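Remarks on the structure that follows.
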2 protein chains.
Amino acid sequence: MARRAGVSPALVSYVLNDGPRPVSAAARERVLAAVHELGYRPDGLARSLRVGRTSTLGLVVPDAVNPFFGELAHAVEDAAFGIGYAVMVCNSADSSARERTYVTSLAERRIDGLILASTSEETDLSDLTDLAIPVIALDRAPDAAPISTIRVENATGAYLGTRHLVEHAHDRIAFVGGPDTGVSTLRREGYLHALQEAGRPPWRELRTSAFTLAAGADIANELLAGDAPTAVMVASEVQAIGLVTGLGRLGARVPGDIAVVAMDGTAAGAHASPRLTTVAQPIRRMAEMAVTHLVRSPARVVHEALHGDLVVRESCGCPARS
Amino acid sequence: MARRAGVSPALVSYVLNDGPRPVSAAARERVLAAVHELGYRPDGLARSLRVGRTSTLGLVVPDAVNPFFGELAHAVEDAAFGIGYAVMVCNSADSSARERTYVTSLAERRIDGLILASTSEETDLSDLTDLAIPVIALDRAPDAAPISTIRVENATGAYLGTRHLVEHAHDRIAFVGGPDTGVSTLRREGYLHALQEAGRPPWRELRTSAFTLAAGADIANELLAGDAPTAVMVASEVQAIGLVTGLGRLGARVPGDIAVVAMDGTAAGAHASPRLTTVAQPIRRMAEMAVTHLVRSPARVVHEALHGDLVVRESCGCPARS
DNA sequence: TTGAAAGCGCTAACAA
DNA sequence: TTGTTAGCGCTTTCAA
């Protein structure tokens, strides 16, 4: 390439990167002409190898088909794109083996930072930390390892949602959680707290096998068995949407027969039928914080707990609003 | 690293890659010990630079939050993971500028192949083709450029769905398409074909502003205006789910007041309320074909048109089945 | 303002 | 079976 333009490789670099040395207009011209003529495409691998930076971030989520993680991934990508970073999104499919493999693979690819939204609490991050690649964990308790964390106030969120159900004068309020993860546990605590504060007993506590539509639908039977609750706090929107469908199939209407409040705040919840009353996570803000932190101040370890807002719509039985 | 183990760098490579030369047990031992002790992590960038391969594929979709593309991305990732490849998923957000930027960025990163699910018909792929990086396009008409394509039989699919509505004895069947893309156009043709065959006139043809829940919901008003149809063929499931919500908000029930058939076949459609009758795309098969082709026989240009199957559920008015 | 050259970490051809 | 070495394509220091 440099030969073709009749200049040194250094010159080509100066021109393409606008620096760090100045280049005469004539030389620049020649380089640009050759670039164009040869269809020259700079090799990012060689560049990254040399400068020790890939401008790539990793994102590991359990399942990007879950609208919450889908929107999160989208938001992370937007934030990264805005500052010239690309992101590799990896679905661990709730398998810690697969998660491990991805962490290793991302480390090998020398990503500049990882955003980890993991189901498992115990992920081996030594591949990353040994290379001094910063990690920021989403929705995880502060680890033994000194990594930054960002999460929503899970307990408070579920408390808010449950309290809304209490205010609807329900006294048989159930809880539907997911697989036994920290998130699910914390949300359950918020639920219990709200009930306790209101002097009501927990009515029924169920957990689905996964955070999916199918799992949510499958649990409808169990929820309705025997002394059925009149309201339910659901740990996530996917589950809630699935549950509503499952209930409908059994002839139970939402909110008429059973009121539902969920957590997450995705578009899927807003457009479900009925529209879900939900505790919305500040998804875009979380994504921006994570990306910014990783890129700007990776060394500093921070722990952010963000507030989730109750968004009242139809599924709780409130009169429809626009 | 090599020094630390008291061996040559070549030996380290032989041990870590199991070849191409044999290594004595003693040497292997020493290398492995040093690897462990130093927390050595091989640099994939250097390796890729050397071997001319990154074991990474690119995937560009308009919007991975759309369940169809979300599931597609997931399926592509699964297929790639199975053969040791990673994938960079990029959302073009229906912006051809952003799509361009991503194509260039992926080319710079020297991906081994690109799967392109683009809305725009005219994407400049010279960055890729100049580097001899194979591209396979999803849902696109054979291009001027000789790139492989995989798609579902769009017209046939919509024809199948519409014919089902005809068999339900509807004679006021509308069509809801999306932004003016090839996909939307082909599906409309299938719709028109089915009506023509049945000797019925198209009743109303609408198009949403985007393939999103919100856009689907927004068009409900227009669909119901004046002489409302009794059935509607919708070009995609996101739109259909949004539409059902929108209709419900206006007091129209599906399928009672208006029957709906959609296309895509995602989990979201299966768990919507009512469950969507839909023409299902063979998502996993498309993903596997794309990945396999890119990795195994990138040089051969193929054009596959896959069949979509009508999946009868509730939204068309058929008696509920399990 | 430009050129020469070192070196990022790896693999593979060649030599021993 | 192992060591030496060139070189993948880039950036950047140093010298001119």
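Residues in the structure tokens are named by chain (A, B, ... in the order shown) and by number from 1 within that chain; ligands are numbered from 1 in the order shown.
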
(request) Over all C-alpha atoms, paired in order, superpose chain B onto chain A by least squares and report how large the RMSD is in Å. (result)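 Once chain B is overlaid on chain A, the RMSD is 0.1 Å.
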
Using only C-alpha atoms (C1' of nucleotides), what does the table of chain C residues within 9 Å of chain A look like, with each row giving the shortest atom pair and its distance in Å to one decimal, sorted by chain and ascending number, as a tab-separated table?
```
residue	atom	partner	partner_atom	distance
C:DT1	C1'	A:Val23	CA	6.4
C:DT2	C1'	A:Leu11	CA	7.5
C:DG3	C1'	A:Ser8	CA	6.3
C:DA4	C1'	A:Ser8	CA	8.8
C:DG7	C1'	A:Arg50	CA	8.4
C:DC8	C1'	A:Arg50	CA	4.6
C:DG9	C1'	A:Leu49	CA	7.9
```

Distance query Arg200 in chain A at most 12 Å, only C-alpha atoms (C1' of nucleotides), self and fewer than 6 positions along chain excluded, as a short mmCIF file (atom, residue, chain, number, x, y, z; two decimals) with N, CA and C atoms, in the first residue's frame:
```
data_model
loop_
_atom_site.label_atom_id
_atom_site.label_comp_id
_atom_site.auth_asym_id
_atom_site.auth_seq_id
_atom_site.Cartn_x
_atom_site.Cartn_y
_atom_site.Cartn_z
N THR A 162 -46.16 -4.28 44.90
CA THR A 162 -47.05 -5.00 45.81
C THR A 162 -47.92 -4.03 46.60
N ARG A 163 -47.31 -2.96 47.02
CA ARG A 163 -48.07 -1.96 47.78
C ARG A 163 -49.23 -1.41 46.96
N LEU A 165 -50.88 -3.03 44.83
CA LEU A 165 -51.92 -4.07 44.87
C LEU A 165 -52.66 -4.02 46.21
N VAL A 166 -51.91 -3.76 47.26
CA VAL A 166 -52.53 -3.61 48.58
C VAL A 166 -53.51 -2.45 48.57
N ALA A 169 -56.88 -2.82 47.63
CA ALA A 169 -57.66 -3.56 48.63
C ALA A 169 -57.66 -5.07 48.41
N HIS A 170 -56.64 -5.56 47.72
CA HIS A 170 -56.53 -7.02 47.62
C HIS A 170 -55.98 -7.56 48.93
N ASP A 171 -56.49 -8.70 49.37
CA ASP A 171 -55.80 -9.29 50.50
C ASP A 171 -55.31 -10.69 50.23
N ARG A 172 -55.50 -11.14 49.00
CA ARG A 172 -54.92 -12.43 48.63
C ARG A 172 -53.96 -12.19 47.47
N ILE A 173 -52.78 -11.76 47.85
CA ILE A 173 -51.79 -11.37 46.85
C ILE A 173 -50.68 -12.41 46.77
N ALA A 174 -50.54 -13.00 45.61
CA ALA A 174 -49.51 -14.03 45.41
C ALA A 174 -48.25 -13.42 44.80
N TYR A 191 -41.76 -7.94 48.07
CA TYR A 191 -43.15 -8.40 48.13
C TYR A 191 -43.55 -8.70 49.58
N LEU A 192 -42.70 -9.48 50.25
CA LEU A 192 -43.00 -9.85 51.64
C LEU A 192 -43.06 -8.62 52.53
N HIS A 193 -42.17 -7.72 52.30
CA HIS A 193 -42.11 -6.50 53.10
C HIS A 193 -43.42 -5.70 53.00
N ALA A 194 -43.89 -5.56 51.76
CA ALA A 194 -45.13 -4.79 51.56
C ALA A 194 -46.31 -5.46 52.25
#
```

(request) Would you mind telling me which residue in B:Ala210, B:Ile258, B:Val291, B:Leu38 lies nearest to chain A when using only C-alpha atoms? (result) B:Leu38

(request) Might you pull out every residue within 6 Å of range 229-239 of chain B, with only C-alpha atoms (C1' of nucleotides) counted and same-chain residues fewer than 2 positions away left off, and present them as a list in words? (result)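 Neighbouring residues, sequence-local ones excluded: Arg172, Ile173, Ala174, Phe175, Val176, Gly177, Phe211, Thr212, Leu213, Gly216, Ile241, Gly242, Leu243, Ile258, Ala259, Val260, Val261, Ala262, Met263 and Asp264 of chain B.
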
(message) Near chain B, meaning an atom within 7 Å, which residues of chain A appear when counting only C-alpha atoms? Write them as a list in words.
(response) Gly39, Arg41, Pro42, Asp43, Gly44, Leu45, Ala46, Leu49, Ala64, Val65, Pro67, Gly70, Glu71, Val87, Met88, Val89, Glu108, Arg109, Asp130, Leu213, Gly242, Thr245, His271, Ala272 and Ser273 of chain A

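Using only C-alpha atoms (C1' of nucleotides), we find that the part of chain D lying within 12 Å of chain B comprises DT1, DT2, DG3, DT4, DT5, DA6, DG7, DC8, DG9 and DC10 of chain D.
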
Next, dump the selected residues to file, keeping only C-alpha atoms (C1' of nucleotides), as a PDB file, in the first residue's frame.
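Written out: out-v3.pdb:
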```pdb
ATOM      1  C1'  DT D   1      11.499 -33.376  19.131  1.00  0.00           C
ATOM      2  C1'  DT D   2      12.893 -28.627  19.653  1.00  0.00           C
ATOM      3  C1'  DG D   3      14.846 -23.890  18.600  1.00  0.00           C
ATOM      4  C1'  DT D   4      15.329 -19.930  15.486  1.00  0.00           C
ATOM      5  C1'  DT D   5      13.309 -16.783  12.838  1.00  0.00           C
ATOM      6  C1'  DA D   6      10.396 -14.308   9.520  1.00  0.00           C
ATOM      7  C1'  DG D   7       6.487 -11.876   9.068  1.00  0.00           C
ATOM      8  C1'  DC D   8       1.095 -10.950   9.586  1.00  0.00           C
ATOM      9  C1'  DG D   9      -0.160  -5.017   9.201  1.00  0.00           C
ATOM     10  C1'  DC D  10      -0.064  -1.611  11.905  1.00  0.00           C
TER      11       DC D  10
END
```

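The two atoms in question, CA of Ser95 in chain B and CA of Glu222 in chain B, are spaced 26.7 Å apart.
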
(request) Assign secondary structure with DSSP using the backbone only, and return the residues of range 59-270 of chain A in helix (DSSP H, G or I) as number ranges by chain. (result) A: 67-82, 96-108, 126-130, 154-167, 182-198, 213-218, 220-224, 237-249, 267-270

(request) Taking the chain letters and numbering used in this document, name the residues of range 62-141 of chain A that DSSP puts in strand (DSSP E), as a ChimeraX atom specification. (result) /A:86-91,113-116,135-138

Only N, CA, C and O atoms, please: the residues just picked out, written as a PDB file, in the first residue's frame.
```pdb
ATOM      1  N   ALA A  86     -17.878  -0.934  19.358  1.00  0.00           N
ATOM      2  CA  ALA A  86     -18.786  -1.989  18.938  1.00  0.00           C
ATOM      3  C   ALA A  86     -19.025  -2.898  20.138  1.00  0.00           C
ATOM      4  O   ALA A  86     -18.272  -2.855  21.103  1.00  0.00           O
ATOM      5  N   VAL A  87     -20.082  -3.691  20.097  1.00  0.00           N
ATOM      6  CA  VAL A  87     -20.284  -4.606  21.216  1.00  0.00           C
ATOM      7  C   VAL A  87     -20.616  -6.013  20.739  1.00  0.00           C
ATOM      8  O   VAL A  87     -21.324  -6.217  19.769  1.00  0.00           O
ATOM      9  N   MET A  88     -20.019  -6.972  21.430  1.00  0.00           N
ATOM     10  CA  MET A  88     -20.312  -8.363  21.150  1.00  0.00           C
ATOM     11  C   MET A  88     -21.321  -8.847  22.173  1.00  0.00           C
ATOM     12  O   MET A  88     -21.017  -8.903  23.367  1.00  0.00           O
ATOM     13  N   VAL A  89     -22.515  -9.154  21.724  1.00  0.00           N
ATOM     14  CA  VAL A  89     -23.559  -9.615  22.634  1.00  0.00           C
ATOM     15  C   VAL A  89     -23.557 -11.141  22.676  1.00  0.00           C
ATOM     16  O   VAL A  89     -23.602 -11.790  21.634  1.00  0.00           O
ATOM     17  N   CYS A  90     -23.467 -11.687  23.860  1.00  0.00           N
ATOM     18  CA  CYS A  90     -23.414 -13.138  24.002  1.00  0.00           C
ATOM     19  C   CYS A  90     -24.540 -13.624  24.910  1.00  0.00           C
ATOM     20  O   CYS A  90     -24.727 -13.098  26.002  1.00  0.00           O
ATOM     21  N   ASN A  91     -25.264 -14.612  24.461  1.00  0.00           N
ATOM     22  CA  ASN A  91     -26.325 -15.216  25.266  1.00  0.00           C
ATOM     23  C   ASN A  91     -25.796 -16.438  26.000  1.00  0.00           C
ATOM     24  O   ASN A  91     -25.384 -17.407  25.371  1.00  0.00           O
ATOM     25  N   GLY A 113     -13.717  -4.073  27.655  1.00  0.00           N
ATOM     26  CA  GLY A 113     -14.499  -4.102  28.887  1.00  0.00           C
ATOM     27  C   GLY A 113     -15.689  -5.016  28.719  1.00  0.00           C
ATOM     28  O   GLY A 113     -16.132  -5.267  27.604  1.00  0.00           O
ATOM     29  N   LEU A 114     -16.181  -5.522  29.849  1.00  0.00           N
ATOM     30  CA  LEU A 114     -17.316  -6.436  29.793  1.00  0.00           C
ATOM     31  C   LEU A 114     -18.461  -5.963  30.670  1.00  0.00           C
ATOM     32  O   LEU A 114     -18.256  -5.538  31.801  1.00  0.00           O
ATOM     33  N   ILE A 115     -19.654  -6.033  30.126  1.00  0.00           N
ATOM     34  CA  ILE A 115     -20.854  -5.814  30.921  1.00  0.00           C
ATOM     35  C   ILE A 115     -21.485  -7.181  31.128  1.00  0.00           C
ATOM     36  O   ILE A 115     -21.814  -7.861  30.160  1.00  0.00           O
ATOM     37  N   LEU A 116     -21.609  -7.567  32.364  1.00  0.00           N
ATOM     38  CA  LEU A 116     -22.050  -8.920  32.668  1.00  0.00           C
ATOM     39  C   LEU A 116     -23.406  -8.909  33.344  1.00  0.00           C
ATOM     40  O   LEU A 116     -23.550  -8.420  34.461  1.00  0.00           O
ATOM     41  N   VAL A 135     -14.655  -5.023  34.327  1.00  0.00           N
ATOM     42  CA  VAL A 135     -15.947  -5.683  34.254  1.00  0.00           C
ATOM     43  C   VAL A 135     -16.950  -4.875  35.049  1.00  0.00           C
ATOM     44  O   VAL A 135     -16.612  -4.338  36.101  1.00  0.00           O
ATOM     45  N   ILE A 136     -18.153  -4.760  34.540  1.00  0.00           N
ATOM     46  CA  ILE A 136     -19.194  -4.147  35.346  1.00  0.00           C
ATOM     47  C   ILE A 136     -20.378  -5.097  35.346  1.00  0.00           C
ATOM     48  O   ILE A 136     -20.812  -5.576  34.308  1.00  0.00           O
ATOM     49  N   ALA A 137     -20.828  -5.427  36.548  1.00  0.00           N
ATOM     50  CA  ALA A 137     -21.887  -6.421  36.664  1.00  0.00           C
ATOM     51  C   ALA A 137     -23.232  -5.740  36.816  1.00  0.00           C
ATOM     52  O   ALA A 137     -23.373  -4.752  37.542  1.00  0.00           O
ATOM     53  N   LEU A 138     -24.213  -6.263  36.114  1.00  0.00           N
ATOM     54  CA  LEU A 138     -25.566  -5.734  36.224  1.00  0.00           C
ATOM     55  C   LEU A 138     -26.368  -6.647  37.134  1.00  0.00           C
ATOM     56  O   LEU A 138     -26.316  -7.873  36.984  1.00  0.00           O
TER      57      LEU A 138
END
```

(request) Write out as a list in words each polymer residue whose atoms come within 8 Å of Asp309 in chain A, counting only C-alpha atoms (C1' of nucleotides); drop sequence neighbours fewer than 2 positions from it. (result) Gly157, Val279, Ala280, Gln281, His307 and Val311 of chain A
